Structure formats: structure tokens, C-alpha cells
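Chemist: Shown below is the structure under consideration.
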Amino acid sequence: MLSRKELFKDTLKKAAHAWKRTVELHLTEEEANLLRLYIDQPGYVDLHWVMFVPAIKGQGTEEQQKKWLTMAYKFQIIGTYAQTELGHGSNVQGLETTATFDPSTDEFIMHSPTLTSSKWWPGGLGKTSTHAVVYARLITEGKDYGIHGFIMQLRSLDDHSPLPGITIGDIGGKFGSGAYNSMDNGVMRLDHVRIPRDQMLMRLAQVTREGKYVHSDVPKQLLYGTMVYVRQTIVADASRALSRAVCIAVRYGAIRKQFGSKAGGPETQVLNYKTQQSRLFPFLASAYAFRFVGQWLKWLYTDVTQKLESKDFSTLPEAHACTAGLKSVTTSATADAIEECQKLCGGHGYLNSSGLPELFAVNLPACTYEGDNVVLLLQVARFLMKTVSQVASGKQPVGTTAYMGNIQHLMQCKSVVNTVEDWLNPAAIKEVFEARALRMAVNCAQNISKAPSQEEGFEAAVAHVQLIIVTKFIEKLQEDILGHGVKEQLQKLCGIYALHLIHKHLGDFLSTGCVTARQGSLANERLGKLYAQVRPNAVALVDAFDYTDHYLGSALGRYDGDVYSALYKEAWKDPLNETVVPDGYQEHLRPLLKQQLKLSRL
Ligand SMILES: CCCCCCCCCC/C=C\CCCCCCCCCC(=O)SCCNC(=O)CCNC(=O)[C@H](O)C(C)(C)COP(=O)(O)OP(=O)(O)OC[C@H]1O[C@@H](n2cnc3c(N)ncnc32)[C@H](O)[C@@H]1OP(=O)(O)O
Ligand SMILES: Cc1cc2nc3c(=O)[nH]c(=O)nc-3n(C[C@H](O)[C@H](O)[C@H](O)COP(=O)(O)OP(=O)(O)OC[C@H]3O[C@@H](n4cnc5c(N)ncnc54)[C@H](O)[C@@H]3O)c2cc1C
């Protein structure tokens, strides 16, 4: 119900309070991040911690880190990540902003040469940030060395006004009434703004006092390292958002009743309808699947970071492919699922008080930010094509592509599934997913060799990423899982996750010969049985997410199920209900009604 200005100020207030508590309670960086989650409104702090600080950590020298991170940790400065421009987003190499070295003053001149080079979108840039890591083309000795990161002060630390040569503002309202409108995504034009040479982030490359460009011995892809880090955190965000939506839809489905009453008896809970289960339970399974793969991805990222510190860059391509692919698949599935959860809740799901419209609006842009999902899947495809060609030349693949080493078997194997029960076997499931992913990648590599096209491989990338998610779910079930019967429930959800993908992508499985039509139909039969088995525990499985009513923010998803009185109470809070006769009655309704009445009496 807040206006844009009120919403923005409310976010500033909450973020400031969280910061105060962080200091008072001496929270670690990880704990502070968790606390920030409960602000639950996008705001400048997200960019400060999730992008500004990691960019300096990953791309700054030790000296630069000491100087800037000390200030950033104490919130003496607030930073953002200014990469995207009005005319350029996905194609980072196409950015136009320039950083031209001037040896006479030992400074870089930061400039926006065109309208399309205006920085556009960075969160917190519009009204809040005092500093930014700005990405620009480095030009020295008359040569363009491509994109590099620079730390720039944007606003005065005394009165917050923009520094000379910097034009800065908010880019305007966004999708939905609340959602991302709490964030001041910004626009910035630079008019020959000078910054000291040592504000170029110099871990990857340096410019000497004389203006000579020197590249370090680290791969230039580390320039994109911040994006790898954030994509990994976005997978965890997606699983959280999806579990919130599913929690609302499952709990409401157990309360809502329609049809089916016999002789005046109670109607049927909509959650008992098979159509409702087949639409909703795959999302329940996905919420668990994304959580487990998110935990694994966090481990992978930590592992890669440790290797990078000891100058082992070998796992960087895999980390890029995994983070890009999983960010893409999980955020797309989550946005689609939240939208479907609204429909699963019928008309009430469309009310803001259901919590679903806000959840959708705030998570939808995750399909775009931090790399458009299609563009990222094409990066995965590129990685797969390289791996296929390495396998062809005898190299043994490792990590998430290790299955490709089993090429002889996987290219010709036939699924062992013969009965409905066989689809309970994790090894049988894994094999068909591996065979499908490999066959699609190999087909794609063959097509590309005939008619090279960058866009080939999208589907193969999806198949590979789905295999990763299924595999990590199966591996999770091999761990010790506490709690009576918990493992059995998770096994059912794992089955639902995998088999619903077989159902959804049956065309791929059939056309690659991984599954026969009969096996596809057995998978559907198994799926129907699993839905029925999960039904009695569905509410417990969403209660297990352990969300408070306050955090869930939904009249439909209340823990106590007292949905109708909550909806009724929420309706009366609407500003339209502040008066019985609405504003505007005197000017617009009354004259009209009176006139029509007069006419009818003539
Ligand atoms: C705020 C959240 C709201 C939630 C609601 C409330 C809850 C609050 C809780 C908050 C909690 C957490 C908050 C999380 C907040 C997230 C906020 C995010 C805000 C968004 C920020 C942004 O969007 S920043 C801008 C992002 N931009 C992009 O991602 C651009 C995408 N484009 C690219 O990355 C590149 O252009 C490209 C990879 C597509 C192409 O690069 P290039 O032109 O160089 O070409 P190549 O394809 O030739 O690649 C060259 C080689 O480099 C390899 N590569 C590419 N990328 C990487 C990488 N990242 N790492 C390693 N290697 C990489 C590529 O594979 C090629 O290798 P070879 O094949 O070996 O040559
Ligand atoms: C809420 C939000 C917050 C953001 N925060 C920040 C921030 O803090 N800092 C920052 O720097 N940026 C930020 N961004 C910008 C974001 O990173 C870009 O929007 C994103 O990288 C996509 O780029 P684009 O908008 O240029 O889309 P485009 O690349 O123009 O995409 C348009 C369409 O073209 C398609 N397409 C593009 N290239 C290809 C290709 N090669 N093959 C096939 N299809 C293609 C895409 O799939 C898409 O459908 C934010 C964006 C949003 C929405």
C-alpha cells in the first residue's frame, strides 16, 4: 500500500536497523547476510554485499582490498556494481563507457561517450550508493584493452550530492506495485570524470605510471568472477522463493474445498484432486531439489575459490557452466511455478494478500539479472561442446561432466525399466538422464560441425543441468538423514522430480532413444502413484520449511489454516475501505447518477 517514495524510505529504514543490529550483535558476514534476508525487500545493501564487496575481493590487489573493504565493512561507503548500460547488457564486451589513462596526471578519465553508454540498472545507484565498481573499456597509449573494473566515488560523503561530472538518478518504476520498486536501480552519465590510477582494480591487469598495460598471470575470465559468485547465491534465492510459493499453495489446497459433497456432506479439499497434485507436487519436489543442488553449488564455489587462491584455475570453466546453468534453470522454473501457484489458489491467489503476486514480481527479474537465462544456457552449451570434442580426442572428463567419459555405453544403452516399480530405482533414473544429456550434446556437436550456429545447444544445456539437479538429489539421499521416515519422503520427492521431467521432456527422451513410449507411460503411472503417496504428508513437507506467518506474508498460507477470516480482515485494510463513500463520488459519480435519474424522469 506504500507509495514508491514511502517504500524506498521504508527499505532504507529496515536496512539501517539490520546494520545497527549487525554491529551490536557482532555478527559475522554470513550471519549478517542471513539477517538481511529477513528484510525481504530488494535494497541497496544487496548490491553492497553481494556484488561490490565480492568484486573488490576478486579483482582488487591486497592493498586495494585493505583500503576499500575496510571502509565497505564499516559502511563508511556504500557500493554498487555498475556494469550494464542502456544499450548493452548481455554482451559485456560491447560496453561503451571509457576509462582513458592520462599519464600527465596519473589519472583515468571516465566518460560516457553516447546515450547508449549510460549506466542503466545498477541497484542502489539511483539514490543511495556513494561508490561503485564501474566497468569500462580501458584505453592507454591509444589502445583499447577491453573491459576492466574501476572503483569510483559517485557522491559526496558530506551531503550525498553527486560529484562534478556525474549525472545520476533512478530509472523509474518497475513491474508490480511493490516488489523491486523498493530498489533504486539507477542511471549514470559520466562527463570526463577523473579518478586516480590506483582505483583501477589491478589484480588481473595493471597500468603502470608510464601508461604501460601489463596483464597478470591469472585468466582474464576472473573479471567475470563476481558474476559466478552471485549466480551461485541466486540458486539459493530461487529455492527459497519456490518453497514459499509452494508452502502457500499446499496449505491453502488443504483448506479450500470445492465440489464432491455427497448428500450435503463436506466438499472435497482441492489438494485431493489429481489434477491439482500433478500441477503442484512437482513444484514441491523442485523446491527440495533446488535446495540440495544450491547447497552443493555453494560447496563447489568454495572449493573453486580455494583452488584459485593457490593458482589452480582448472575448475573455473566448470564452475562457470554450473553456476550459469543452475541459475538459469532454477530461476526460470521458479518464476513459472510461482505464477502457476497463483492459479492453483484460484481467485484468492490473485489477491495481494495471498503473498503470491509480490513473490512473483520480486523473483521474475532473476531470470534476467546476473545474465539473461538464455544467454547463460548458451554458455553451458559452449562448455558442453568443448567437453564433447575433448572426449572425442581421448581426454577423460571430470566433475559434472564425468558421465561423458562413459560414452560407449551411454550412446547405445537401453533403459532397463520394465515395470512401474523399476522407476523407483535411482540408478535406472540416473542412467536415462545421463544418456539423454550425452546424446543431445553429441547430436548438437554434430549439427554444429555441419552448420555452425551459436544458438544450437540450448536444449542440450537444459538436459545437462537437469541431470546435475537429479544427480545431486540422488546423492543427498545416500547421506545419513535424521528423523523417522524423512528419508522415505525425500525419496518420493526425488522420484517425482525426476519422473515429472521425463514426462515434461518425453519428446527428448523418445527422440534420443533413451526411453521407449511404453517406459514413458510406466513413468507416468509411477508418478501418479507417487503423488498419492506424498499427499498425506504434503502439508508436513511444507511446514518443514519452517517459515513464520510473518515471513510468508500470506493470508492463504497461514500455519493455522484460518484463511477466510484472514482474507476478510486484510480486505478491510485496503485504503479504499477507509471511507464508506469513496473519494471521487462527489465529482464523478454523483453528477452522473443525478443526470441519468433526471433523464429517466423526463
Ligand atoms: C535482490 C534480490 C531480491 C530478492 C527479494 C528479497 C530477498 C532479499 C534477499 C537478498 C539475498 C540475496 C541477494 C541477491 C541479489 C542479487 C542481486 C543481483 C542484481 C543483479 C546484478 C546484475 O545483473 S550485474 C550484471 C550482470 N550481467 C551479466 O550477467 C552479463 C552476462 N554476460 C556475460 O557474462 C558475458 O558477456 C558472456 C559470458 C555472456 C559472454 O562473455 P564474452 O563476450 O567474454 O564471451 P565468450 O562467450 O567468448 O567467453 C569467453 C570465455 O570466458 C568464459 N567465461 C564467460 N563467463 C565466465 C565466467 N563468469 N567465469 C569464468 N569463465 C567465463 C567463457 O566460457 C569463454 O571460455 P572459453 O570457451 O574457454 O573461451
Ligand atoms: C531487477 C534488475 C536488477 C539489475 N541490477 C543490475 C545491477 O545491479 N548491475 C548491473 O550492472 N546490471 C543490473 N541489471 C541488468 C541485467 O544484468 C541485464 O538486464 C541482464 O544482464 C540482461 O541484459 P539485457 O537487459 O541487455 O538483455 P538483452 O541482452 O538485451 O536481452 C534481450 C533478449 O535478447 C535475447 N538474447 C540476447 N543475446 C542473445 C544471444 N546471444 N542469443 C540468443 N538470444 C539472445 C535474450 O534472451 C532476451 O530475450 C539488472 C536488471 C534487472 C532487471
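Note on naming: chains are A, B, ... as they come in the C-alpha cells, residues start from 1 per chain, ligands start from 1 in the order shown.
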Residues within 6 Å of ligand 2 should be enumerated using only C-alpha atoms and all ligand atoms and returned as a PyMOL selection string.
Modeler: chain A and resi 81-84+88-90+121-123+365+368-372+374-375
Chemist: What do you get as a ChimeraX atom specification if you pick all residues at most 7 Å from ligand 1, counting only C-alpha atoms and all ligand atoms?
Modeler: /A:36-37,39-43,46-47,50,81,83-84,89-93,122-123,221-222,224-225,227-228,230,233-234,237,316-317,320,362-363,369-372,375-376,379,382-383
Chemist: Give me the residues of stretch 106-207 of chain A that have any atom at most 9 Å from an atom of stretch 9-19 of chain A; for each, the nearest atom pair and the distance in Å, rounded to one decimal. Use only C-alpha atoms, sort by chain and number, and format it as JSON lines.
Modeler:
{"residue": "A:Thr128", "atom": "CA", "partner": "A:Leu12", "partner_atom": "CA", "distance": 9.0}
{"residue": "A:Ser182", "atom": "CA", "partner": "A:Thr11", "partner_atom": "CA", "distance": 6.3}
{"residue": "A:Met183", "atom": "CA", "partner": "A:Thr11", "partner_atom": "CA", "distance": 8.1}
Chemist: With C-alpha atoms retained, export the selected residues as a PDB file, in the first residue's frame.
Modeler:
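Saved file again-v8.pdb follows:
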ATOM      1  CA  THR A 128      21.931   5.531  -2.343  1.00  0.00           C
ATOM      2  CA  SER A 182      11.972  -0.706  -3.126  1.00  0.00           C
ATOM      3  CA  MET A 183      15.282  -0.687  -5.033  1.00  0.00           C
TER       4      MET A 183
END
Chemist: As JSON, numbers by chain, which residues of stretch 18-234 of chain A does DSSP assign to strand (DSSP E or B)?
Modeler: {"A": [79, 80, 81, 82, 85, 88, 98, 99, 100, 101, 102, 107, 108, 109, 110, 111, 119, 120, 131, 132, 133, 134, 135, 136, 137, 138, 139, 140, 143, 144, 145, 146, 147, 148, 149, 150, 151, 152, 153, 155, 162, 166, 167, 168, 169, 170, 186, 187, 188, 189, 190, 193, 194, 195, 196, 200, 205, 206, 207, 213, 214, 215]}
Chemist: From stretch 438-522 of chain A, collect each residue whose DSSP state is helix (DSSP H, G or I) and return the set as a PyMOL selection string.
Modeler: chain A and resi 438-450+458-477+486-504+506-511+517-522
Chemist: Leaving out A:Gly495 and any residue of its chain fewer than 2 positions from it, which residues lie within 8 Å of it when counting only C-alpha atoms, given as a ChimeraX atom specification?
Modeler: /A:423-424,491-493,497-499,527,530
Chemist: Write the residues of the preceding selection, restricted to N, CA and C atoms, as a compact mmCIF listing (two decimals), in the first residue's frame.
Modeler:
# COMPACT_ATOMS: atom_id res chain seq x y z
N TRP A 423 10.91 -47.84 -11.99
CA TRP A 423 11.17 -46.40 -11.97
C TRP A 423 11.47 -45.87 -10.56
N LEU A 424 11.51 -46.80 -9.58
CA LEU A 424 11.91 -46.41 -8.22
C LEU A 424 13.43 -46.49 -8.06
N GLN A 491 12.80 -39.59 -0.73
CA GLN A 491 12.94 -40.50 -1.88
C GLN A 491 11.75 -40.33 -2.84
N LYS A 492 10.58 -40.17 -2.25
CA LYS A 492 9.39 -39.99 -3.10
C LYS A 492 9.49 -38.66 -3.87
N LEU A 493 9.95 -37.63 -3.17
CA LEU A 493 10.07 -36.33 -3.85
C LEU A 493 11.13 -36.39 -4.95
N TYR A 497 10.52 -35.51 -8.75
CA TYR A 497 11.30 -34.52 -9.50
C TYR A 497 11.79 -35.11 -10.83
N ALA A 498 12.39 -36.30 -10.75
CA ALA A 498 12.96 -36.89 -11.96
C ALA A 498 11.88 -37.31 -12.96
N LEU A 499 10.83 -37.96 -12.46
CA LEU A 499 9.83 -38.51 -13.38
C LEU A 499 8.97 -37.40 -14.01
N LEU A 527 4.47 -41.92 -11.47
CA LEU A 527 4.30 -40.54 -10.99
C LEU A 527 2.96 -40.39 -10.28
N LEU A 530 3.15 -41.90 -6.94
CA LEU A 530 3.94 -41.08 -6.00
C LEU A 530 3.14 -39.88 -5.50
Chemist: Using only C-alpha atoms, find the one residue out of A:Glu339, A:Val246, A:His48, A:Ala321 that sits nearest to A:Thr387.
Modeler: A:Ala321
Chemist: So how far away is atom CA of A:Ile407 from atom CA of A:Ser389, in Å?
Modeler: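 Rounded to one decimal, the two atoms are 12.1 Å apart.
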Chemist: For A:Pro196, find every residue with an atom within 12 Å (counting only C-alpha atoms), except residues of its own chain fewer than 4 positions away, and show them as a list in words.
Modeler: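 With the cut-off at 12 Å, the set is Ala99, Thr100, Phe101, Asp102, Pro103, Ser104, Thr105, Asp106, Glu107, Phe108, Ile109, Met110, Phe150, Ile151, Met152, Gln153, Met200, Leu201, Val207 and Arg209 of chain A.
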Chemist: Please indicate the distance in Å from atom CA of A:Thr275 to atom CA of A:Arg526, rounded to one decimal place.
Modeler: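 Separation between atom CA of A:Thr275 and atom CA of A:Arg526: 15.2 Å.
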Chemist: Can you tell me how far atom CA of A:Thr331 sits from atom CA of A:Ala441, in Å to one decimal?
Modeler: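 Pair atom CA of A:Thr331 / atom CA of A:Ala441 returns 22.6 Å.
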Chemist: So that I can check the surroundings of A:Thr471, please list as a list in words every protein, DNA and RNA residue that reaches within 12 Å of it, counting only C-alpha atoms and ignoring chain neighbours fewer than 5 positions away.
Modeler: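 Counting only C-alpha atoms, the residues come to Ala289, Phe290, Phe292, Val293, Trp296, Gly399, Thr400, Thr401, Tyr403, Pro426, Ala427, Ala428, Ile429, Lys430, Glu431, Val432, Phe433, Glu434, His464, Val465, Gln466, Lys476, Leu477, Gln478, Cys494, Gly495, Tyr497 and Ala498 of chain A.
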Chemist: Looking at A:Ser177, A:Ser554, A:Ser286, A:Thr70, which one is nearest to A:Ser332, with distances taken over only C-alpha atoms?
Modeler: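 The shortest atom-to-atom distance to A:Ser332 comes from A:Ser286.
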Chemist: Please list as a ChimeraX atom specification every residue within 9 Å of A:Trp49, counting only C-alpha atoms and excluding residues in the same chain fewer than 5 positions away.
Modeler: /A:29,33,44,54,72-73,79-80
Chemist: Grab the residues selected above and save them as a PDB file, in the first residue's frame with N, CA and C atoms.
Modeler:
ATOM      1  N   GLU A  29      30.017 -12.078   8.677  1.00  0.00           N
ATOM      2  CA  GLU A  29      29.499 -11.676   7.361  1.00  0.00           C
ATOM      3  C   GLU A  29      28.340 -12.610   6.965  1.00  0.00           C
ATOM      4  N   ASN A  33      24.398 -11.622   6.398  1.00  0.00           N
ATOM      5  CA  ASN A  33      23.690 -11.941   5.161  1.00  0.00           C
ATOM      6  C   ASN A  33      22.339 -12.567   5.436  1.00  0.00           C
ATOM      7  N   TYR A  44      19.586  -1.438  -1.537  1.00  0.00           N
ATOM      8  CA  TYR A  44      20.982  -1.142  -1.865  1.00  0.00           C
ATOM      9  C   TYR A  44      21.967  -2.089  -1.175  1.00  0.00           C
ATOM     10  N   PRO A  54      32.339  -8.417  -3.151  1.00  0.00           N
ATOM     11  CA  PRO A  54      32.999  -9.520  -3.867  1.00  0.00           C
ATOM     12  C   PRO A  54      33.827  -9.060  -5.076  1.00  0.00           C
ATOM     13  N   ALA A  72      34.174  -0.439   3.374  1.00  0.00           N
ATOM     14  CA  ALA A  72      32.899  -1.070   2.987  1.00  0.00           C
ATOM     15  C   ALA A  72      32.314  -1.868   4.145  1.00  0.00           C
ATOM     16  N   TYR A  73      33.173  -2.598   4.871  1.00  0.00           N
ATOM     17  CA  TYR A  73      32.689  -3.407   6.003  1.00  0.00           C
ATOM     18  C   TYR A  73      32.071  -2.534   7.087  1.00  0.00           C
ATOM     19  N   GLY A  79      28.477   0.692  -1.713  1.00  0.00           N
ATOM     20  CA  GLY A  79      28.900   0.448  -3.087  1.00  0.00           C
ATOM     21  C   GLY A  79      27.883  -0.306  -3.925  1.00  0.00           C
ATOM     22  N   THR A  80      28.008  -0.150  -5.237  1.00  0.00           N
ATOM     23  CA  THR A  80      27.200  -0.943  -6.168  1.00  0.00           C
ATOM     24  C   THR A  80      28.079  -1.464  -7.298  1.00  0.00           C
TER      25      THR A  80
END
Chemist: Extract, using only C-alpha atoms, all DNA, RNA and protein residues at most 8 Å from stretch 340-342 of chain A, discarding same-chain residues fewer than 3 positions from it, and format them as a list in words.
Modeler: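 The filter keeps Ala245, Val246, Ala249, Leu280, Asp336, Ala337, Cys345, Gly346, Gly349, Tyr350, Leu356 and Pro357 of chain A.
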Chemist: Pull C-alpha atoms from the residues just selected and write them as a PDB file, in the first residue's frame.
Modeler:
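What landed in selection_25.pdb:
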ATOM      1  CA  ALA A 245       5.067 -20.233  -3.002  1.00  0.00           C
ATOM      2  CA  VAL A 246       4.606 -23.980  -2.614  1.00  0.00           C
ATOM      3  CA  ALA A 249      -0.388 -23.281  -2.338  1.00  0.00           C
ATOM      4  CA  LEU A 280       1.609 -28.752  -7.547  1.00  0.00           C
ATOM      5  CA  ASP A 336       6.883 -20.239 -13.809  1.00  0.00           C
ATOM      6  CA  ALA A 337       5.980 -22.143 -10.655  1.00  0.00           C
ATOM      7  CA  CYS A 345      -5.029 -20.938  -5.431  1.00  0.00           C
ATOM      8  CA  GLY A 346      -7.794 -19.755  -7.750  1.00  0.00           C
ATOM      9  CA  GLY A 349      -4.262 -16.320  -5.251  1.00  0.00           C
ATOM     10  CA  TYR A 350      -4.568 -13.190  -7.370  1.00  0.00           C
ATOM     11  CA  LEU A 356       1.927 -14.583  -4.404  1.00  0.00           C
ATOM     12  CA  PRO A 357       1.820 -11.510  -6.673  1.00  0.00           C
TER      13      PRO A 357
END
Chemist: Between A:Ala333, A:Leu552, A:Ala445, A:Leu384, which has the minimum distance to A:Leu501 (counting only C-alpha atoms)?
Modeler: A:Ala333
